[in-house]
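Participant: For reference, this is query12.csv, and it has CSV, C-alpha atoms.
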```
chain,number,residue,atom,x,y,z
A,1,MET,CA,-38.5,4.0,-30.6
A,2,LYS,CA,-35.4,3.4,-28.5
A,3,TYR,CA,-37.6,2.4,-25.5
A,4,VAL,CA,-39.8,0.1,-27.6
A,5,LEU,CA,-36.7,-1.6,-28.9
A,6,SER,CA,-35.2,-2.0,-25.4
A,7,ILE,CA,-38.4,-3.5,-24.1
A,8,CYS,CA,-38.6,-5.9,-27.1
A,9,LEU,CA,-34.9,-6.9,-26.5
A,10,LEU,CA,-35.7,-7.5,-22.8
A,11,PHE,CA,-38.4,-10.0,-23.7
A,12,GLN,CA,-36.3,-11.7,-26.3
A,13,ILE,CA,-33.7,-12.7,-23.8
A,14,GLY,CA,-33.3,-16.5,-23.6
A,15,CYS,CA,-34.7,-17.3,-20.2
A,16,SER,CA,-34.2,-20.9,-19.3
A,17,TYR,CA,-30.9,-22.7,-18.5
A,18,LEU,CA,-30.2,-26.3,-17.8
A,19,THR,CA,-27.7,-26.2,-15.0
A,20,SER,CA,-27.0,-29.9,-14.4
A,21,VAL,CA,-28.3,-33.3,-15.4
A,22,SER,CA,-27.5,-36.7,-13.8
A,23,GLN,CA,-28.8,-40.2,-14.5
A,24,THR,CA,-28.4,-43.4,-12.5
A,25,SER,CA,-28.4,-46.8,-14.1
A,26,ILE,CA,-31.8,-47.8,-15.6
A,27,PRO,CA,-33.1,-51.2,-14.5
A,28,ALA,CA,-34.0,-53.9,-17.0
A,29,LYS,CA,-37.5,-54.3,-15.4
A,30,LYS,CA,-38.9,-50.8,-15.3
A,31,GLY,CA,-41.6,-50.3,-12.7
A,32,LYS,CA,-44.1,-47.4,-12.4
A,33,GLN,CA,-42.7,-44.1,-13.4
A,34,ILE,CA,-42.7,-41.5,-10.7
A,35,SER,CA,-41.5,-37.9,-10.6
A,36,ALA,CA,-40.9,-35.1,-8.2
A,37,LYS,CA,-40.3,-31.4,-8.4
A,38,ALA,CA,-39.1,-28.7,-6.1
A,39,SER,CA,-38.7,-25.0,-7.0
A,40,LYS,CA,-37.7,-21.7,-5.4
A,41,ASN,CA,-38.5,-18.2,-6.6
A,42,ILE,CA,-35.7,-15.7,-6.2
A,43,PHE,CA,-36.5,-12.1,-5.9
A,44,PHE,CA,-33.9,-9.4,-6.6
A,45,MET,CA,-31.3,-12.2,-6.9
A,46,LEU,CA,-31.4,-12.7,-3.1
A,47,SER,CA,-31.3,-16.3,-1.9
A,48,PHE,CA,-30.2,-17.5,1.5
A,49,SER,CA,-30.8,-21.2,1.6
A,50,ASN,CA,-31.0,-24.2,-0.7
A,51,LYS,CA,-33.2,-26.3,1.7
A,52,PHE,CA,-35.9,-26.6,-0.9
A,53,ALA,CA,-33.9,-29.2,-2.7
A,54,ASP,CA,-34.3,-31.7,0.1
A,55,GLN,CA,-38.0,-32.1,-0.8
A,56,VAL,CA,-37.3,-34.0,-4.0
A,57,ARG,CA,-35.9,-37.1,-2.5
A,58,GLU,CA,-38.6,-37.2,0.2
A,59,SER,CA,-41.3,-36.9,-2.5
A,60,LEU,CA,-39.8,-39.8,-4.4
A,61,VAL,CA,-39.7,-42.0,-1.3
A,62,GLU,CA,-43.4,-41.1,-0.5
A,63,GLN,CA,-44.4,-42.2,-4.0
A,64,CYS,CA,-42.6,-45.5,-3.6
A,65,PRO,CA,-42.9,-46.5,0.1
A,66,ASN,CA,-42.2,-50.3,-0.2
A,67,GLY,CA,-39.8,-50.5,-3.1
A,68,SER,CA,-36.7,-49.1,-4.6
A,69,VAL,CA,-36.4,-46.1,-6.9
A,70,LYS,CA,-34.0,-46.7,-9.8
A,71,GLY,CA,-33.0,-45.0,-13.0
A,72,ILE,CA,-33.3,-41.5,-11.5
A,73,LEU,CA,-32.9,-38.6,-13.9
A,74,THR,CA,-32.2,-35.4,-12.1
A,75,LYS,CA,-32.4,-32.1,-13.8
A,76,GLN,CA,-31.7,-28.6,-12.4
A,77,GLU,CA,-33.0,-25.6,-14.3
A,78,HIS,CA,-32.7,-21.9,-13.9
A,79,THR,CA,-35.4,-19.7,-15.4
A,80,ILE,CA,-35.2,-15.9,-15.6
A,81,PHE,CA,-38.8,-14.5,-15.6
A,82,VAL,CA,-37.8,-10.9,-15.2
A,83,PRO,CA,-34.1,-10.0,-15.3
A,84,ILE,CA,-32.8,-9.2,-11.8
A,85,LEU,CA,-36.3,-9.0,-10.4
A,86,LEU,CA,-37.5,-12.7,-10.5
A,87,HIS,CA,-35.6,-15.9,-11.1
A,88,GLN,CA,-36.6,-19.5,-10.4
A,89,ILE,CA,-34.5,-22.5,-9.6
A,90,SER,CA,-36.2,-25.8,-10.1
A,91,ILE,CA,-35.1,-29.4,-9.6
A,92,LYS,CA,-37.0,-32.2,-11.4
A,93,ALA,CA,-36.4,-35.9,-10.8
A,94,THR,CA,-37.9,-38.8,-12.6
A,95,GLY,CA,-37.4,-42.5,-11.8
A,96,TYR,CA,-38.9,-46.0,-11.8
A,97,CYS,CA,-40.5,-47.5,-8.7
A,98,HIS,CA,-39.5,-51.2,-8.5
A,99,GLU,CA,-41.6,-53.1,-6.0
B,1,MET,CA,-17.4,2.8,0.1
B,2,ILE,CA,-21.2,3.0,-0.2
B,3,LYS,CA,-20.9,1.2,-3.5
B,4,ILE,CA,-19.0,-1.7,-1.8
B,5,ILE,CA,-21.6,-2.0,1.0
B,6,THR,CA,-24.4,-2.0,-1.6
B,7,LEU,CA,-22.6,-4.7,-3.6
B,8,PHE,CA,-22.1,-6.7,-0.5
B,9,PHE,CA,-25.8,-6.7,0.3
B,10,LEU,CA,-26.9,-7.3,-3.3
B,11,SER,CA,-24.6,-10.3,-3.7
B,12,SER,CA,-26.8,-13.3,-3.5
B,13,CYS,CA,-25.8,-15.5,-0.6
B,14,ALA,CA,-26.6,-19.1,-1.4
B,15,TYR,CA,-26.0,-20.6,-4.9
B,16,LEU,CA,-27.0,-24.1,-5.8
B,17,HIS,CA,-24.6,-25.3,-8.5
B,18,ARG,CA,-25.4,-28.9,-8.8
B,19,ILE,CA,-27.6,-31.7,-7.3
B,20,ASP,CA,-27.5,-35.4,-7.9
B,21,ILE,CA,-29.9,-38.0,-6.5
B,22,GLY,CA,-28.8,-41.6,-6.3
B,23,GLU,CA,-31.0,-44.7,-6.2
B,24,ILE,CA,-33.3,-45.0,-3.2
B,25,GLU,CA,-34.1,-48.2,-1.3
B,26,ALA,CA,-37.3,-47.9,0.5
B,27,ARG,CA,-38.2,-51.5,1.5
B,28,SER,CA,-39.4,-51.9,5.0
B,29,THR,CA,-37.0,-54.7,5.8
B,30,TYR,CA,-34.3,-52.1,6.6
B,31,VAL,CA,-34.1,-49.4,9.2
B,32,LYS,CA,-32.9,-46.2,7.5
B,33,VAL,CA,-30.6,-44.0,9.6
B,34,PRO,CA,-30.1,-40.6,8.0
B,35,PHE,CA,-26.7,-38.9,7.8
B,36,GLU,CA,-25.3,-35.7,6.4
B,37,ILE,CA,-21.7,-34.9,5.6
B,38,ASN,CA,-20.4,-31.4,4.8
B,39,ALA,CA,-17.0,-30.5,3.3
B,40,SER,CA,-16.1,-26.9,2.7
B,41,THR,CA,-13.3,-24.5,2.0
B,42,THR,CA,-12.9,-20.7,1.3
B,43,GLY,CA,-13.0,-19.4,-2.2
B,44,ILE,CA,-11.7,-16.0,-3.3
B,45,ASP,CA,-12.9,-14.0,-6.3
B,46,ILE,CA,-9.9,-11.9,-7.2
B,47,GLN,CA,-12.0,-9.7,-9.5
B,48,ASN,CA,-14.2,-8.6,-6.6
B,49,VAL,CA,-11.1,-8.1,-4.4
B,50,GLY,CA,-9.8,-5.8,-7.1
B,51,THR,CA,-13.1,-3.8,-7.1
B,52,ILE,CA,-12.8,-3.4,-3.3
B,53,VAL,CA,-9.2,-2.2,-3.5
B,54,LYS,CA,-10.1,0.2,-6.3
B,55,GLU,CA,-12.9,1.7,-4.3
B,56,VAL,CA,-10.9,2.0,-1.1
B,57,TYR,CA,-7.7,3.4,-2.6
B,58,LYS,CA,-8.8,5.9,-5.2
B,59,SER,CA,-5.2,6.5,-6.5
B,60,SER,CA,-2.7,5.0,-8.9
B,61,ALA,CA,-2.6,1.9,-6.6
B,62,SER,CA,-6.2,1.1,-7.6
B,63,GLN,CA,-5.2,0.9,-11.3
B,64,ILE,CA,-2.3,-1.4,-10.5
B,65,SER,CA,-4.5,-3.6,-8.4
B,66,LYS,CA,-7.0,-3.8,-11.3
B,67,HIS,CA,-4.2,-4.9,-13.7
B,68,TRP,CA,-3.1,-7.5,-11.2
B,69,SER,CA,-6.6,-8.9,-10.7
B,70,ASP,CA,-7.1,-9.0,-14.5
B,71,ALA,CA,-3.8,-10.9,-15.0
B,72,ILE,CA,-4.6,-13.4,-12.2
B,73,ALA,CA,-8.1,-13.9,-13.7
B,74,LEU,CA,-6.4,-15.1,-17.0
B,75,PHE,CA,-5.0,-18.1,-15.1
B,76,GLN,CA,-8.4,-18.9,-13.6
B,77,MET,CA,-10.4,-19.3,-16.8
B,78,GLY,CA,-12.4,-22.4,-17.8
B,79,PRO,CA,-15.5,-24.2,-16.6
B,80,ARG,CA,-16.0,-24.2,-12.9
B,81,THR,CA,-18.5,-23.9,-10.1
B,82,GLY,CA,-18.0,-21.2,-7.5
B,83,PHE,CA,-14.9,-19.1,-6.8
B,84,PRO,CA,-11.3,-20.4,-7.1
B,85,VAL,CA,-10.1,-22.2,-4.0
B,86,TYR,CA,-6.6,-22.8,-2.7
B,87,ARG,CA,-7.3,-26.3,-1.4
B,88,GLU,CA,-8.9,-28.4,-4.1
B,89,THR,CA,-8.8,-31.6,-2.1
B,90,PHE,CA,-11.3,-30.4,0.5
B,91,ALA,CA,-14.0,-32.9,-0.6
B,92,ASP,CA,-11.7,-35.9,-1.1
B,93,ASN,CA,-12.4,-37.6,2.3
B,94,ILE,CA,-16.2,-37.7,1.9
B,95,LEU,CA,-16.1,-41.4,1.0
B,96,SER,CA,-14.1,-42.3,4.1
B,97,LYS,CA,-16.5,-40.2,6.2
B,98,ILE,CA,-19.4,-42.2,4.8
B,99,TYR,CA,-17.6,-45.4,5.8
B,100,GLN,CA,-17.0,-44.0,9.3
B,101,ILE,CA,-20.7,-43.3,9.7
B,102,CYS,CA,-21.9,-46.4,8.0
B,103,PRO,CA,-19.2,-49.1,8.3
B,104,SER,CA,-21.2,-51.7,6.3
B,105,GLY,CA,-21.2,-49.4,3.3
B,106,ASN,CA,-24.9,-50.2,2.8
B,107,VAL,CA,-26.1,-46.7,1.9
B,108,THR,CA,-29.0,-45.5,-0.1
B,109,GLY,CA,-30.7,-42.3,-1.2
B,110,LEU,CA,-27.5,-40.4,-1.6
B,111,VAL,CA,-28.0,-36.8,-2.5
B,112,GLY,CA,-24.9,-34.8,-3.5
B,113,VAL,CA,-25.2,-31.1,-3.4
B,114,ARG,CA,-22.6,-28.6,-4.6
B,115,GLU,CA,-23.4,-25.2,-3.3
B,116,MET,CA,-21.7,-21.9,-2.5
B,117,ASN,CA,-22.3,-19.2,0.1
B,118,ASN,CA,-21.2,-15.9,-1.5
B,119,TYR,CA,-20.0,-13.0,0.6
B,120,PHE,CA,-19.0,-10.8,-2.4
B,121,ALA,CA,-15.2,-11.3,-2.5
B,122,ILE,CA,-15.0,-14.5,-0.5
B,123,SER,CA,-17.2,-17.5,-0.5
B,124,GLY,CA,-17.8,-20.7,1.3
B,125,GLU,CA,-17.5,-23.5,-1.2
B,126,ILE,CA,-19.5,-26.5,0.0
B,127,VAL,CA,-20.0,-30.1,-0.9
B,128,LYS,CA,-22.9,-31.7,1.0
B,129,VAL,CA,-23.8,-35.4,0.9
B,130,GLN,CA,-27.0,-36.6,2.5
B,131,GLY,CA,-28.1,-40.2,2.6
B,132,PHE,CA,-29.4,-43.2,4.6
B,133,CYS,CA,-27.4,-46.0,6.2
B,134,LEU,CA,-29.4,-49.2,5.9
B,135,LYS,CA,-29.5,-51.5,8.9
B,136,LYS,CA,-31.3,-54.7,9.1
B,137,LYS,CA,-34.2,-54.8,11.5
B,138,THR,CA,-33.5,-57.0,14.5
B,139,LYS,CA,-36.2,-59.3,15.8
B,140,ARG,CA,-37.0,-59.0,19.4
B,141,LYS,CA,-36.8,-62.3,21.4
B,142,ASN,CA,-39.8,-63.3,23.3
B,143,LYS,CA,-39.1,-64.5,26.8
```
Please re-express this file's structure in structure tokens.
Facilitator:
Amino acid sequence: MKYVLSICLLFQIGCSYLTSVSQTSIPAKKGKQISAKASKNIFFMLSFSNKFADQVRESLVEQCPNGSVKGILTKQEHTIFVPILLHQISIKATGYCHE
Amino acid sequence: MIKIITLFFLSSCAYLHRIDIGEIEARSTYVKVPFEINASTTGIDIQNVGTIVKEVYKSSASQISKHWSDAIALFQMGPRTGFPVYRETFADNILSKIYQICPSGNVTGLVGVREMNNYFAISGEIVKVQGFCLKKKTKRKNK
């Protein structure tokens, strides 16, 4: 019974955290909405680089090659899939491509 | 001692605390010159220092060090990112560095990253700014 309760508690743990949010000024004329995401899985809480975060800006630029991206909402989330064993950090950015 | 070595290797190295992406100008009338600025300082986690002292000196001194580290921790409460630092102005000159690299101030795609490299009791507290300096395309003169 004790083990069943422990396993139940393990799966009841709140698993998603919103670490940070930022928003740039939203233009009056909104263009096409674009979004980009980058994530990294962390096993055994070992992470040695944050280079994955660089992809987000590059992805936004690729989606809007001849314009300007404004009104960017950036969210950083931390999700715990299995405590200690598997975590995930993800960065999501949404903005408007103004051409 | 084995416990300390294990903790050292189990402590995750790179933490990403915060990332902000600024507006991006991607029009082809400009040449984008990428730049990156790093500002860093050393952070110290007094709780982990206390753990090391406790493990190394298994005597009454370890108990005293624990009390001291607990007492100091009371003065370091509150919301924060990373470990406490002794030089909180380490990131103040980022703006002047941007102007040094890009004197026109015409920058775009600024990405501000607040990260930490953790080495158990001490850490590298880092602020990184990446961006593009916009320069107008010069037309080549035909002879």
Participant: Using only C-alpha atoms, give me every residue within 12 Å of (-43.6, -51.0, -13.7) in file coordinates, as a ChimeraX atom specification.
Facilitator: /A:27-34,64,67-70,95-99
Participant: Using only C-alpha atoms, can you tell me which of B:Arg87, B:Lys97, B:Lys128, B:Lys66 comes closest to chain A?
Facilitator: B:Lys128
Participant: With chain B as the partner and 10 Å as the cut-off, tabulate the residues of chain A that qualify, each row holding the nearest pair of atoms and their distance in Å to one decimal, using all atoms listed in the file, sorted by chain and rising number, as CSV.
Facilitator:
```
residue,atom,partner,partner_atom,distance
A:Thr19,CA,B:Arg18,CA,7.1
A:Ser20,CA,B:Arg18,CA,5.9
A:Val21,CA,B:Asp20,CA,7.8
A:Ser22,CA,B:Asp20,CA,6.0
A:Gln23,CA,B:Asp20,CA,8.3
A:Thr24,CA,B:Gly22,CA,6.5
A:Ser25,CA,B:Glu23,CA,8.6
A:Ile26,CA,B:Glu23,CA,9.9
A:Ile42,CA,B:Ser12,CA,9.6
A:Phe44,CA,B:Leu10,CA,8.0
A:Met45,CA,B:Ser12,CA,5.7
A:Leu46,CA,B:Ser12,CA,4.7
A:Ser47,CA,B:Ala14,CA,5.5
A:Phe48,CA,B:Ala14,CA,4.9
A:Ser49,CA,B:Ala14,CA,5.6
A:Asn50,CA,B:Leu16,CA,6.5
A:Lys51,CA,B:Leu16,CA,10.0
A:Ala53,CA,B:Ile19,CA,8.2
A:Asp54,CA,B:Val111,CA,8.5
A:Val56,CA,B:Ile21,CA,8.8
A:Arg57,CA,B:Ile21,CA,7.3
A:Glu58,CA,B:Gly109,CA,9.5
A:Leu60,CA,B:Ile24,CA,8.4
A:Val61,CA,B:Ala26,CA,6.6
A:Glu62,CA,B:Ala26,CA,9.2
A:Cys64,CA,B:Ala26,CA,7.1
A:Pro65,CA,B:Ala26,CA,5.8
A:Asn66,CA,B:Arg27,CA,4.5
A:Gly67,CA,B:Arg27,CA,5.0
A:Ser68,CA,B:Glu25,CA,4.3
A:Val69,CA,B:Ile24,CA,5.0
A:Lys70,CA,B:Glu23,CA,5.1
A:Gly71,CA,B:Glu23,CA,7.1
A:Ile72,CA,B:Glu23,CA,6.6
A:Leu73,CA,B:Ile21,CA,8.0
A:Thr74,CA,B:Asp20,CA,6.3
A:Lys75,CA,B:Ile19,CA,8.1
A:Gln76,CA,B:Ile19,CA,7.2
A:Glu77,CA,B:Arg18,CA,9.9
A:Ile89,CA,B:Leu16,CA,8.6
A:Ile91,CA,B:Ile19,CA,8.2
A:Ala93,CA,B:Ile21,CA,8.1
A:Gly95,CA,B:Glu23,CA,8.8
A:Tyr96,CA,B:Glu23,CA,9.8
A:Cys97,CA,B:Ile24,CA,9.4
A:His98,CA,B:Glu25,CA,9.5
A:Glu99,CA,B:Arg27,CA,8.4
```
Participant: Pick the closest to Gly112 of chain B from B:Gln100, B:Asn38, B:Asn93, B:Ser65: which is it, counting only C-alpha atoms?
Facilitator: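 That would be B:Asn38, the residue with the smallest distance to Gly112 of chain B.
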Participant: Which neighbours of Ser104 of chain B fall inside 10 Å, counting all atoms listed in the file, when residues of the same chain fewer than 6 positions from it are skipped, and could you give them as a short mmCIF file (atom, residue, chain, number, x, y, z; two decimals) with C-alpha atoms, in the frame of the given file?
Facilitator:
```cif
data_model
loop_
_atom_site.label_atom_id
_atom_site.label_comp_id
_atom_site.auth_asym_id
_atom_site.auth_seq_id
_atom_site.Cartn_x
_atom_site.Cartn_y
_atom_site.Cartn_z
CA ILE B 98 -19.40 -42.20 4.80
CA CYS B 133 -27.40 -46.00 6.20
CA LEU B 134 -29.40 -49.20 5.90
CA LYS B 135 -29.50 -51.50 8.90
#
```
Participant: When you draw a straight line from atom CA of Ser123 of chain B to atom CA of Asp45 of chain B, how long is it in Å?
Facilitator: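 One can read the atom CA of Ser123 of chain B to atom CA of Asp45 of chain B distance as 8.0 Å.
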Participant: One decimal, in Å: what's the spacing between atom CA of Ile72 of chain B and atom CA of Glu55 of chain B?
Facilitator: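 Taking atom CA of Ile72 of chain B as the start and atom CA of Glu55 of chain B as the end point, the length is 19.0 Å.
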Participant: May I ask which of the residues A:Val82, A:Met1, A:Ser90, A:Gln63 is the closest one to Phe43 of chain A, counting all atoms listed in the file?
Facilitator: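 Of all the options, A:Val82 lies closest to Phe43 of chain A.
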Participant: Using Å and a single decimal, report how far atom CA of Val127 of chain B sits from atom CA of Lys37 of chain A.
Facilitator: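 For atom CA of Lys37 of chain A relative to atom CA of Val127 of chain B, the distance reads 21.7 Å.
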